[in-house]
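*Asks:* Got a structure for you, structure22.cif, holding mmCIF, C-alpha atoms and all ligand atoms.
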```cif
data_model
#
loop_
_atom_site.label_atom_id
_atom_site.label_comp_id
_atom_site.auth_asym_id
_atom_site.auth_seq_id
_atom_site.Cartn_x
_atom_site.Cartn_y
_atom_site.Cartn_z
CA MET A 1 15.11 28.28 -33.81
CA GLY A 2 13.26 26.91 -36.81
CA GLN A 3 14.64 25.20 -39.87
CA SER A 4 13.12 27.93 -42.05
CA ALA A 5 15.40 30.56 -40.50
CA PHE A 6 18.07 30.35 -43.14
CA GLY A 7 17.93 30.88 -46.83
CA VAL A 8 19.50 28.48 -49.28
CA GLY A 9 22.62 30.64 -49.49
CA GLN A 10 23.18 30.52 -45.75
CA ARG A 11 22.66 26.78 -45.54
CA MET A 12 25.10 26.37 -48.40
CA ALA A 13 27.59 28.53 -46.50
CA LEU A 14 27.32 26.23 -43.50
CA ASP A 15 27.91 23.20 -45.69
CA ALA A 16 30.75 24.88 -47.58
CA CYS A 17 32.84 25.44 -44.43
CA THR A 18 35.94 23.25 -44.75
CA GLU A 19 36.80 23.63 -41.04
CA CYS A 20 40.21 24.99 -42.04
CA GLY A 21 40.41 26.98 -38.80
CA GLU A 22 41.68 30.25 -40.34
CA CYS A 23 38.81 32.13 -38.71
CA LEU A 24 39.56 30.64 -35.30
CA ASP A 25 43.15 31.91 -35.49
CA VAL A 26 42.12 35.54 -36.04
CA CYS A 27 38.99 35.79 -33.88
CA PRO A 28 39.62 38.46 -31.20
CA ALA A 29 36.87 36.97 -29.01
CA VAL A 30 38.65 33.61 -28.99
CA ALA A 31 42.05 35.22 -28.34
CA ALA A 32 40.69 37.31 -25.47
CA SER A 33 38.58 34.57 -23.85
CA GLY A 34 40.51 31.41 -24.73
CA ASP A 35 37.18 29.86 -25.76
CA PRO A 36 37.26 28.33 -29.29
CA ALA A 37 33.44 27.96 -29.21
CA LEU A 38 33.28 31.70 -30.04
CA SER A 39 34.98 31.18 -33.41
CA ALA A 40 33.14 30.95 -36.72
CA GLN A 41 34.49 27.45 -37.25
CA VAL A 42 33.09 25.98 -34.01
CA ARG A 43 29.93 28.09 -34.04
CA MET A 44 29.07 26.91 -37.55
CA ARG A 45 29.71 23.32 -36.55
CA THR A 46 27.42 23.73 -33.50
CA LEU A 47 24.76 25.38 -35.64
CA LYS A 48 24.79 22.54 -38.14
CA ARG A 49 24.37 20.06 -35.29
CA LEU A 50 21.53 22.07 -33.74
CA LEU A 51 19.69 22.34 -37.05
CA ARG A 52 20.16 18.64 -37.72
CA ASP A 53 18.90 17.76 -34.25
CA ARG A 54 15.76 19.84 -34.85
CA ASN A 55 14.98 17.72 -37.89
CA PRO A 56 12.10 15.37 -36.91
CA LEU A 57 13.47 12.56 -39.05
CA TRP A 58 16.87 12.78 -37.41
CA GLN A 59 15.26 12.96 -33.96
CA ALA A 60 13.35 9.75 -34.71
CA VAL A 61 16.56 8.03 -35.79
CA LYS A 62 18.21 9.19 -32.56
CA GLU A 63 15.36 7.89 -30.45
CA VAL A 64 15.65 4.48 -32.14
CA PHE A 65 19.35 4.43 -31.29
CA GLY A 66 18.75 5.79 -27.81
CA CYS A 67 20.57 9.16 -28.15
CA ALA A 68 19.17 12.30 -26.54
CA PRO A 69 18.52 15.21 -28.92
CA LEU A 70 21.01 18.04 -28.49
CA ALA A 71 18.70 20.90 -29.42
CA THR A 72 17.22 21.24 -25.95
CA PRO A 73 15.90 24.68 -24.90
CA GLU A 74 19.01 25.04 -22.69
CA ALA A 75 21.35 24.23 -25.59
CA LEU A 76 19.58 26.80 -27.75
CA LYS A 77 19.82 29.48 -25.05
CA GLU A 78 23.51 28.77 -24.57
CA PHE A 79 24.09 28.91 -28.32
CA GLY A 80 22.03 32.13 -28.48
CA THR A 81 24.28 33.82 -25.93
CA SER A 82 27.41 32.58 -27.73
CA VAL A 83 26.21 34.18 -30.99
CA PHE A 84 26.05 37.54 -29.17
CA ARG A 85 29.53 37.09 -27.63
CA CYS A 86 30.99 38.41 -30.89
CA SER A 87 31.88 41.98 -31.84
CA LEU A 88 30.81 41.47 -35.48
CA CYS A 89 34.35 42.59 -36.38
CA GLY A 90 34.26 40.62 -39.63
CA ASP A 91 37.84 39.37 -39.49
CA CYS A 92 36.60 35.77 -39.79
CA GLN A 93 35.00 36.65 -43.12
CA GLU A 94 38.11 38.57 -44.22
CA VAL A 95 40.37 35.51 -43.87
CA CYS A 96 37.94 32.75 -44.90
CA PRO A 97 39.48 31.00 -47.94
CA ALA A 98 36.01 29.72 -48.93
CA ARG A 99 34.84 33.38 -49.01
CA LEU A 100 31.78 32.56 -46.92
CA PRO A 101 29.45 35.49 -46.05
CA ILE A 102 29.97 34.89 -42.34
CA LYS A 103 28.92 38.33 -41.08
CA ASP A 104 25.56 38.07 -42.86
CA LEU A 105 25.14 34.66 -41.28
CA TRP A 106 25.73 36.12 -37.79
CA LEU A 107 23.19 38.88 -38.44
CA SER A 108 20.55 36.40 -39.71
CA LEU A 109 21.23 34.17 -36.73
CA ARG A 110 20.75 37.07 -34.34
CA GLN A 111 17.51 37.96 -36.09
CA GLU A 112 16.23 34.41 -35.79
CA LEU A 113 17.34 33.99 -32.17
CA SER A 114 15.61 37.20 -31.17
CA ARG A 115 12.45 36.09 -33.01
CA THR A 116 12.35 32.76 -31.16
CA GLY A 117 13.25 34.28 -27.78
CA ASP A 118 16.63 32.51 -27.59
CA ALA A 119 18.66 35.75 -27.72
CA PRO A 120 19.94 37.34 -24.46
CA GLU A 121 17.16 39.30 -22.72
CA LYS A 122 19.21 42.52 -22.60
CA ILE A 123 18.99 43.18 -26.32
CA ARG A 124 15.27 43.99 -26.04
CA MET A 125 16.35 47.22 -24.35
CA ILE A 126 17.79 48.46 -27.67
CA ARG A 127 14.45 48.02 -29.43
CA ASP A 128 12.48 49.51 -26.54
CA ASN A 129 14.80 52.54 -26.29
CA LEU A 130 14.63 53.27 -30.00
CA ALA A 131 10.85 52.88 -30.12
CA GLY A 132 10.38 55.09 -27.06
CA SER A 133 12.96 57.84 -27.47
CA HIS A 134 14.68 57.33 -30.87
CA ASN A 135 18.16 56.94 -29.36
CA VAL A 136 20.04 54.01 -27.82
CA PHE A 137 20.54 55.69 -24.45
CA ASP A 138 16.82 56.39 -23.87
CA GLU A 139 17.59 60.10 -23.45
CA ASP A 140 15.29 62.93 -24.49
CA ASN A 141 15.78 63.08 -28.27
CA ASP A 142 15.22 66.83 -28.23
CA GLU A 143 18.56 67.08 -26.38
CA ARG A 144 20.46 65.39 -29.23
CA GLY A 145 22.03 68.65 -30.33
CA ASP A 146 22.80 70.07 -26.88
CA TRP A 147 26.54 69.32 -27.19
CA VAL A 148 26.82 72.44 -29.37
CA ASP A 149 26.07 74.59 -26.29
CA ASP A 150 29.24 73.24 -24.65
CA MET A 151 31.54 74.21 -27.52
CA ARG A 152 34.18 76.83 -26.86
CA ASN A 153 34.41 77.82 -30.53
CA ALA A 154 30.93 77.10 -31.85
CA PRO A 155 30.36 78.25 -35.43
CA LYS A 156 28.81 81.72 -35.63
CA GLY A 157 25.08 81.22 -36.16
CA GLY A 158 25.18 77.77 -34.52
CA CYS A 159 25.05 74.35 -36.14
CA VAL A 160 21.34 74.02 -36.94
CA ARG A 161 20.41 75.75 -40.15
CA LYS A 162 17.10 75.71 -41.96
CA THR A 163 18.72 74.48 -45.17
CA ALA A 164 22.25 73.35 -45.98
CA GLU A 165 24.23 71.62 -48.70
CA VAL A 166 25.63 69.07 -46.27
CA VAL A 167 23.90 67.41 -43.31
CA TYR A 168 26.14 66.11 -40.53
CA PHE A 169 24.40 63.02 -39.07
CA THR A 170 25.87 62.95 -35.55
CA GLY A 171 24.86 59.48 -34.30
CA CYS A 172 23.81 58.53 -30.75
CA VAL A 173 27.24 57.96 -29.15
CA GLY A 174 28.68 61.29 -30.35
CA ALA A 175 25.53 63.18 -29.46
CA TYR A 176 25.02 61.88 -25.93
CA PHE A 177 28.15 60.27 -24.49
CA PRO A 178 30.15 63.07 -22.79
CA LEU A 179 33.57 61.65 -23.66
CA ALA A 180 32.59 61.17 -27.31
CA GLN A 181 30.97 64.61 -27.70
CA LYS A 182 34.44 66.06 -28.34
CA ILE A 183 34.33 64.34 -31.74
CA PRO A 184 31.28 66.12 -33.20
CA MET A 185 32.60 69.34 -31.64
CA ALA A 186 35.92 68.87 -33.48
CA PHE A 187 34.22 67.89 -36.74
CA VAL A 188 31.98 70.97 -36.86
CA GLU A 189 35.02 73.15 -36.08
CA ILE A 190 36.71 71.61 -39.14
CA LEU A 191 33.63 72.09 -41.36
CA ASP A 192 33.38 75.68 -40.16
CA ALA A 193 37.10 76.35 -40.73
CA ALA A 194 36.80 75.03 -44.30
CA GLY A 195 33.68 77.12 -44.99
CA VAL A 196 31.40 74.11 -45.63
CA ASP A 197 27.67 74.91 -45.79
CA PHE A 198 26.45 72.36 -43.24
CA SER A 199 23.77 71.70 -40.64
CA ILE A 200 23.14 69.11 -37.94
CA MET A 201 19.58 67.86 -37.46
CA ALA A 202 19.55 67.97 -33.62
CA GLY A 203 16.25 66.48 -32.35
CA ASP A 204 15.06 65.74 -35.90
CA GLU A 205 17.73 63.02 -36.16
CA TRP A 206 16.75 59.53 -34.96
CA CYS A 207 19.14 56.67 -34.26
CA CYS A 208 20.23 55.36 -37.69
CA GLY A 209 18.91 51.86 -36.90
CA PHE A 210 22.26 50.07 -36.99
CA PRO A 211 21.81 48.78 -33.40
CA LEU A 212 18.52 47.18 -34.49
CA VAL A 213 20.20 45.26 -37.31
CA GLY A 214 23.22 44.32 -35.18
CA SER A 215 21.02 42.96 -32.43
CA GLY A 216 18.73 40.97 -34.74
CA GLN A 217 15.73 43.32 -34.48
CA ALA A 218 15.72 44.74 -38.00
CA GLN A 219 11.93 44.59 -38.30
CA ASP A 220 11.76 48.14 -36.88
CA LEU A 221 14.25 49.58 -39.38
CA PRO A 222 11.88 50.83 -42.15
CA SER A 223 10.20 53.51 -40.00
CA VAL A 224 13.60 54.78 -38.82
CA VAL A 225 14.89 55.00 -42.40
CA ALA A 226 11.76 56.81 -43.59
CA HIS A 227 12.00 59.38 -40.80
CA ASN A 228 15.70 60.14 -41.29
CA VAL A 229 15.43 60.41 -45.08
CA GLU A 230 12.56 62.91 -44.75
CA ALA A 231 14.49 64.92 -42.15
CA VAL A 232 17.52 65.21 -44.46
CA LYS A 233 15.31 66.11 -47.42
CA ALA A 234 13.74 68.88 -45.33
CA LYS A 235 17.19 70.51 -45.16
CA GLY A 236 17.52 70.42 -48.94
CA ALA A 237 20.88 68.66 -48.55
CA ARG A 238 22.68 66.77 -51.32
CA LYS A 239 25.23 65.10 -49.05
CA VAL A 240 25.18 63.39 -45.63
CA VAL A 241 28.38 62.99 -43.61
CA PHE A 242 29.02 60.80 -40.58
CA THR A 243 31.66 60.59 -37.87
CA CYS A 244 30.26 57.16 -36.92
CA PRO A 245 31.25 54.27 -39.24
CA SER A 246 28.15 52.25 -38.25
CA CYS A 247 25.78 55.11 -39.19
CA HIS A 248 27.73 55.43 -42.47
CA GLN A 249 27.46 51.70 -43.11
CA ILE A 250 23.72 51.39 -42.50
CA TRP A 251 23.00 54.46 -44.64
CA SER A 252 25.14 52.94 -47.40
CA GLU A 253 23.52 49.51 -47.23
CA ALA A 254 19.91 49.95 -46.11
CA TYR A 255 18.83 53.52 -46.96
CA PRO A 256 17.57 54.63 -50.38
CA ARG A 257 20.36 56.09 -52.51
CA GLU A 258 19.10 59.66 -52.55
CA PHE A 259 22.13 61.48 -51.18
CA GLU A 260 25.89 61.44 -51.56
CA LEU A 261 27.32 59.78 -48.43
CA ALA A 262 30.75 60.22 -46.87
CA HIS A 263 32.48 59.31 -43.65
CA ALA A 264 34.21 62.21 -41.87
CA THR A 265 37.67 60.78 -42.66
CA GLN A 266 36.81 60.98 -46.39
CA MET A 267 35.44 64.49 -46.10
CA VAL A 268 38.41 65.70 -44.05
CA ALA A 269 40.83 64.11 -46.56
CA GLU A 270 39.03 65.95 -49.36
CA LEU A 271 39.28 69.28 -47.51
CA VAL A 272 42.94 68.72 -46.63
CA LEU A 273 43.90 67.75 -50.18
CA ALA A 274 42.04 70.81 -51.51
CA GLY A 275 44.10 73.01 -49.16
CA ARG A 276 41.01 74.28 -47.35
CA LEU A 277 42.37 73.70 -43.82
CA PRO A 278 45.31 75.65 -42.33
CA LEU A 279 47.17 72.67 -40.82
CA GLY A 280 49.81 73.45 -38.21
CA GLU A 281 52.48 71.44 -36.38
CA VAL A 282 51.50 68.52 -34.14
CA PRO A 283 54.85 67.12 -33.00
CA MET A 284 53.78 63.64 -31.94
CA THR A 285 54.13 59.94 -32.85
CA VAL A 286 50.78 58.33 -33.54
CA THR A 287 49.34 55.04 -34.75
CA TYR A 288 46.00 54.45 -36.47
CA HIS A 289 43.24 51.99 -35.54
CA ASP A 290 40.98 50.98 -38.45
CA PRO A 291 37.42 50.75 -37.05
CA CYS A 292 35.84 47.45 -38.18
CA ASP A 293 32.83 49.03 -39.89
CA LEU A 294 34.95 51.68 -41.60
CA GLY A 295 37.85 49.45 -42.67
CA ARG A 296 36.68 45.88 -43.25
CA GLY A 297 33.08 47.11 -43.61
CA GLY A 298 33.52 50.25 -45.75
CA ARG A 299 37.01 49.53 -47.23
CA ILE A 300 38.07 53.03 -46.16
CA PHE A 301 41.76 52.57 -45.34
CA ASP A 302 43.71 55.19 -47.32
CA GLU A 303 41.92 58.46 -46.59
CA PRO A 304 42.74 58.61 -42.86
CA ARG A 305 46.36 57.74 -43.62
CA ASP A 306 46.45 60.44 -46.33
CA VAL A 307 45.36 62.99 -43.71
CA LEU A 308 47.95 61.80 -41.17
CA ALA A 309 50.68 62.10 -43.82
CA ARG A 310 49.85 65.80 -44.31
CA ILE A 311 49.90 66.96 -40.69
CA PRO A 312 53.20 68.79 -40.15
CA GLY A 313 55.41 67.40 -37.37
CA LEU A 314 53.46 64.14 -37.07
CA THR A 315 55.21 60.75 -37.16
CA PHE A 316 53.02 57.80 -38.12
CA VAL A 317 53.68 54.17 -37.18
CA GLU A 318 51.53 51.16 -38.14
CA MET A 319 50.50 48.46 -35.69
CA ALA A 320 51.36 44.80 -36.31
CA HIS A 321 47.73 44.21 -37.37
CA CYS A 322 46.39 47.00 -39.56
CA ARG A 323 44.04 47.82 -42.42
CA GLN A 324 41.86 44.76 -43.26
CA HIS A 325 43.49 42.73 -40.49
CA CYS A 326 43.25 45.38 -37.79
CA LEU A 327 42.43 44.00 -34.32
CA CYS A 328 38.94 44.89 -33.09
CA CYS A 329 38.78 47.21 -30.05
CA GLY A 330 35.93 45.14 -28.54
CA GLY A 331 33.32 47.88 -28.96
CA GLY A 332 31.12 46.45 -31.72
CA GLY A 333 28.16 44.07 -32.01
CA ASN A 334 26.60 45.21 -28.70
CA LEU A 335 29.26 43.05 -27.03
CA GLU A 336 29.77 45.54 -24.21
CA MET A 337 26.12 45.06 -23.22
CA ILE A 338 26.23 41.24 -23.32
CA ASP A 339 29.73 40.55 -21.97
CA PRO A 340 31.60 43.64 -20.72
CA GLU A 341 34.55 41.55 -19.46
CA LEU A 342 35.12 40.05 -22.90
CA SER A 343 34.83 43.50 -24.50
CA ALA A 344 37.45 44.88 -22.05
CA ALA A 345 39.77 41.91 -22.66
CA MET A 346 39.62 42.59 -26.42
CA SER A 347 40.33 46.25 -25.76
CA ARG A 348 43.40 45.27 -23.70
CA ARG A 349 44.92 43.33 -26.62
CA LYS A 350 44.24 46.27 -28.92
CA VAL A 351 45.77 48.89 -26.61
CA GLU A 352 48.80 46.68 -25.88
CA GLU A 353 49.51 46.37 -29.59
CA ALA A 354 49.27 50.16 -29.98
CA VAL A 355 51.56 50.79 -27.01
CA ALA A 356 54.14 48.39 -28.50
CA THR A 357 54.57 50.73 -31.50
CA GLY A 358 55.93 53.47 -29.23
CA ALA A 359 53.13 55.83 -30.32
CA ARG A 360 51.94 58.52 -27.90
CA ALA A 361 48.40 58.45 -29.30
CA ILE A 362 45.97 56.07 -30.98
CA ILE A 363 44.04 57.85 -33.73
CA THR A 364 40.84 56.33 -35.09
CA GLY A 365 37.66 57.28 -36.96
CA CYS A 366 34.86 56.12 -34.68
CA GLN A 367 33.19 57.40 -31.50
CA GLN A 368 32.61 53.89 -30.22
CA CYS A 369 36.26 52.87 -30.70
CA VAL A 370 37.37 56.05 -28.91
CA ARG A 371 34.94 55.30 -26.08
CA THR A 372 35.99 51.65 -25.70
CA MET A 373 39.74 52.25 -25.85
CA THR A 374 39.62 55.38 -23.67
CA THR A 375 37.64 53.52 -21.02
CA TYR A 376 40.30 50.77 -20.97
CA VAL A 377 43.21 53.23 -20.97
CA LYS A 378 41.75 55.33 -18.11
CA ARG A 379 40.74 52.36 -15.95
CA ASN A 380 44.14 50.77 -16.31
CA LYS A 381 46.21 53.99 -16.25
CA VAL A 382 47.87 53.25 -19.59
CA ASP A 383 50.01 56.16 -20.75
CA ILE A 384 48.63 56.70 -24.26
CA GLU A 385 46.12 59.19 -25.65
CA VAL A 386 43.10 58.00 -27.66
CA MET A 387 41.42 60.36 -30.09
CA ASP A 388 39.40 60.57 -33.25
CA MET A 389 40.94 61.79 -36.48
CA CYS A 390 38.70 64.89 -36.24
CA GLN A 391 40.15 65.82 -32.86
CA LEU A 392 43.68 65.53 -34.21
CA VAL A 393 42.88 67.61 -37.29
CA ALA A 394 41.10 70.26 -35.17
CA ARG A 395 44.25 70.43 -33.03
CA SER A 396 46.37 70.87 -36.14
CA VAL A 397 44.04 73.60 -37.46
CA ALA A 398 44.29 75.43 -34.11
CA ALA A 399 48.10 75.20 -34.31
CA GLY A 400 48.01 76.47 -37.90
CA ARG A 401 45.90 79.46 -36.92
CA ALA A 402 48.08 80.22 -33.91
CA ALA A 403 51.20 80.12 -36.09
CA ALA A 404 49.58 82.43 -38.66
CA ALA A 405 48.58 84.89 -35.92
CA ALA A 406 52.01 84.90 -34.23
CA PRO A 407 54.11 88.01 -34.86
CA LYS A 408 56.76 87.35 -37.52
CA ALA A 409 60.42 87.71 -36.52
CA ALA A 410 61.97 90.82 -38.08
S1 LIG B 1 37.75 30.21 -42.38
FE1 LIG B 1 35.83 29.75 -43.50
S2 LIG B 1 36.09 27.65 -44.28
FE2 LIG B 1 37.68 27.93 -42.70
S3 LIG B 1 36.74 27.18 -40.79
FE3 LIG B 1 36.31 29.36 -40.87
S4 LIG B 1 34.30 29.56 -41.84
FE4 LIG B 1 35.06 27.47 -42.27
S1 LIG B 2 33.00 38.61 -36.32
FE1 LIG B 2 34.97 38.85 -35.20
S2 LIG B 2 34.47 38.38 -33.07
FE2 LIG B 2 32.77 37.56 -34.34
S3 LIG B 2 33.35 35.44 -34.78
FE3 LIG B 2 34.12 36.66 -36.49
S4 LIG B 2 36.26 37.13 -35.93
FE4 LIG B 2 35.19 36.44 -34.05
#
```
In structure tokens, what does this structure look like?
*Replies:*
Amino acid sequence: MGQSAFGVGQRMALDACTECGECLDVCPAVAASGDPALSAQVRMRTLKRLLRDRNPLWQAVKEVFGCAPLATPEALKEFGTSVFRCSLCGDCQEVCPARLPIKDLWLSLRQELSRTGDAPEKIRMIRDNLAGSHNVFDEDNDERGDWVDDMRNAPKGGCVRKTAEVVYFTGCVGAYFPLAQKIPMAFVEILDAAGVDFSIMAGDEWCCGFPLVGSGQAQDLPSVVAHNVEAVKAKGARKVVFTCPSCHQIWSEAYPREFELAHATQMVAELVLAGRLPLGEVPMTVTYHDPCDLGRGGRIFDEPRDVLARIPGLTFVEMAHCRQHCLCCGGGGNLEMIDPELSAAMSRRKVEEAVATGARAIITGCQQCVRTMTTYVKRNKVDIEVMDMCQLVARSVAAGRAAAAAPKAA
């Protein structure tokens, strides 16, 4: 790790940390592991020490006084792994009274650690998979749209159209992971029910590139962006919608501003408020999990709650930590790949908080959150349902249609 790795702003951020400890108190990785070294406070302190110990002048002073330098290759490797034992949830940044750009610092650190070879080996797989097959799972990219074939109520004429007003960018998890495929299925049912002129891009869609940035391998991003922008343009679309908050975030932050962008929760809220969906009764008590990249990242908190408020028969209860202070489910930052036990321990805290509300279902707006929490719930036989907002709305639409079709009492 070289001294040139950080810009002036990032070095100033390190120096501006007052060590108040607010970030340590909220860090879900610390709470789940009991290891304070995973907090922003301690990690920044360690980083300052490592950078100082790489300074030749400081090393010479240490040699004179007989101290061993701390920035040994082993210390750097250990620090490198610690930087990846973080879900990039952003709660440290949310609570930092000094308003330090901590998440940017983590991303720059990951970039630098992967450049110097001090990042965990496993993250190379992300780059290799994307370069080879354009998706994180290293599946055949031409099969990206195959989930449509498994739909019971696929839109007439399918989901791939030559041109469309709206492109639905499915994302890798929704496209390939069987448990998560129910989410794109539900979303296209909703778009179809509301009469939206939409298309998916199937094999013409490549991974959005968010995993490259999150794993510190952003150098490959430009070619991904160029491909996806051209593919959307080829459809003649004016708007791109996402069920994945990370796809939505990277398109908002790193793609050229050529299209209107919306997350599915925003689009569904718009359709519901415009009365374009026949919502029926869903008699159930639910709570809502704010995905980190959608809530803290995208500041989208109200739209999903607006939708929940309009589903007949539904009772909504908030968790103790919600909105900008929502607990992370453990599914972000490639944490599952680096430390699956830590990811599962974070998921346990999340699910326990949801169960404590008395809700029968956790609703969220992210395939990865659904995947992480469902895996925990199934493995541990916890009696609570986990579903995406789109699945809940599709259920309500089905109930609305059934009620409309039922014979009226004389
Ligand atoms: S909350 Fe901010 S100022 Fe306080 S210890 Fe953490 S990074 Fe430093
Ligand atoms: S981003 Fe989240 S998991 Fe990572 S250090 Fe900050 S609070 Fe902890």
*Asks:* If the limit is 8 Å from any atom of ligand LIG 2 (chain B), counting all atoms listed in the file, which residues qualify? Return them as a list in words.
*Replies:*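 Protein and nucleic-acid residues within 8 Å of ligand LIG 2 (chain B): Cys23, Leu24, Val26, Cys27, Pro28, Ala29, Val30, Leu38, Ser39, Ala40, Arg85, Cys86, Ser87, Leu88, Cys89, Gly90, Asp91, Cys92, Gln93, Ile102, Lys103, Trp106 and Cys328 of chain A.
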*Asks:* Which distance in Å separates atom CA of Leu130 of chain A and atom CA of His263 of chain A, to one decimal?
*Replies:*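 Going from atom CA of Leu130 of chain A over to atom CA of His263 of chain A covers 23.3 Å.
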*Asks:* Step by step, measure atom-to-atom distances between ligand LIG 1 (chain B) and each residue using only C-alpha atoms and all ligand atoms, keep those at most 7 Å, then write them as a PyMOL selection string.
*Replies:* chain A and resi 16-24+40-41+92-93+95-100+102
*Asks:* Within 10 Å of His289 of chain A, counting only C-alpha atoms, which residues show up once you throw out same-chain ones fewer than 2 positions away? Write them as a list in words, please.
*Replies:*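 What passes the distance filter is Thr287, Pro291, Cys292, Gly295, Phe301, Pro304, Glu318, Met319, His321, Cys322, Arg323, Cys326, Leu327, Cys328, Cys329, Lys350, Val351, Ala354, Ile362, Ile363, Thr364, Gly365, Cys366, Cys369, Val370, Val386 and Asp388 of chain A.
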*Asks:* If you count all atoms listed in the file, which residues fall within 9 Å of Asp192 of chain A, apart from same-chain ones fewer than 5 positions away, as a compact mmCIF listing (two decimals) with C-alpha atoms, keeping the file's coordinate frame?
*Replies:*
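Everything below was put into around-v2.txt:
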```txt
# COMPACT_ATOMS: atom_id res chain seq x y z
CA ALA A 154 30.93 77.10 -31.85
CA PRO A 155 30.36 78.25 -35.43
CA LYS A 156 28.81 81.72 -35.63
CA PHE A 187 34.22 67.89 -36.74
CA ASP A 197 27.67 74.91 -45.79
CA PHE A 198 26.45 72.36 -43.24
```
*Asks:* So, with only C-alpha atoms as the atoms that count, which of A:Val148, A:Ala406, A:Leu261, A:Ile126 lies closest to Gln249 of chain A?
*Replies:*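 When distances to Gln249 of chain A are compared using only C-alpha atoms, the smallest one comes from A:Leu261.
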*Asks:* Which of these, A:Pro120, A:Thr46, A:Cys390, A:Met373, has the shortest distance to Met185 of chain A once you count only C-alpha atoms?
*Replies:* A:Cys390
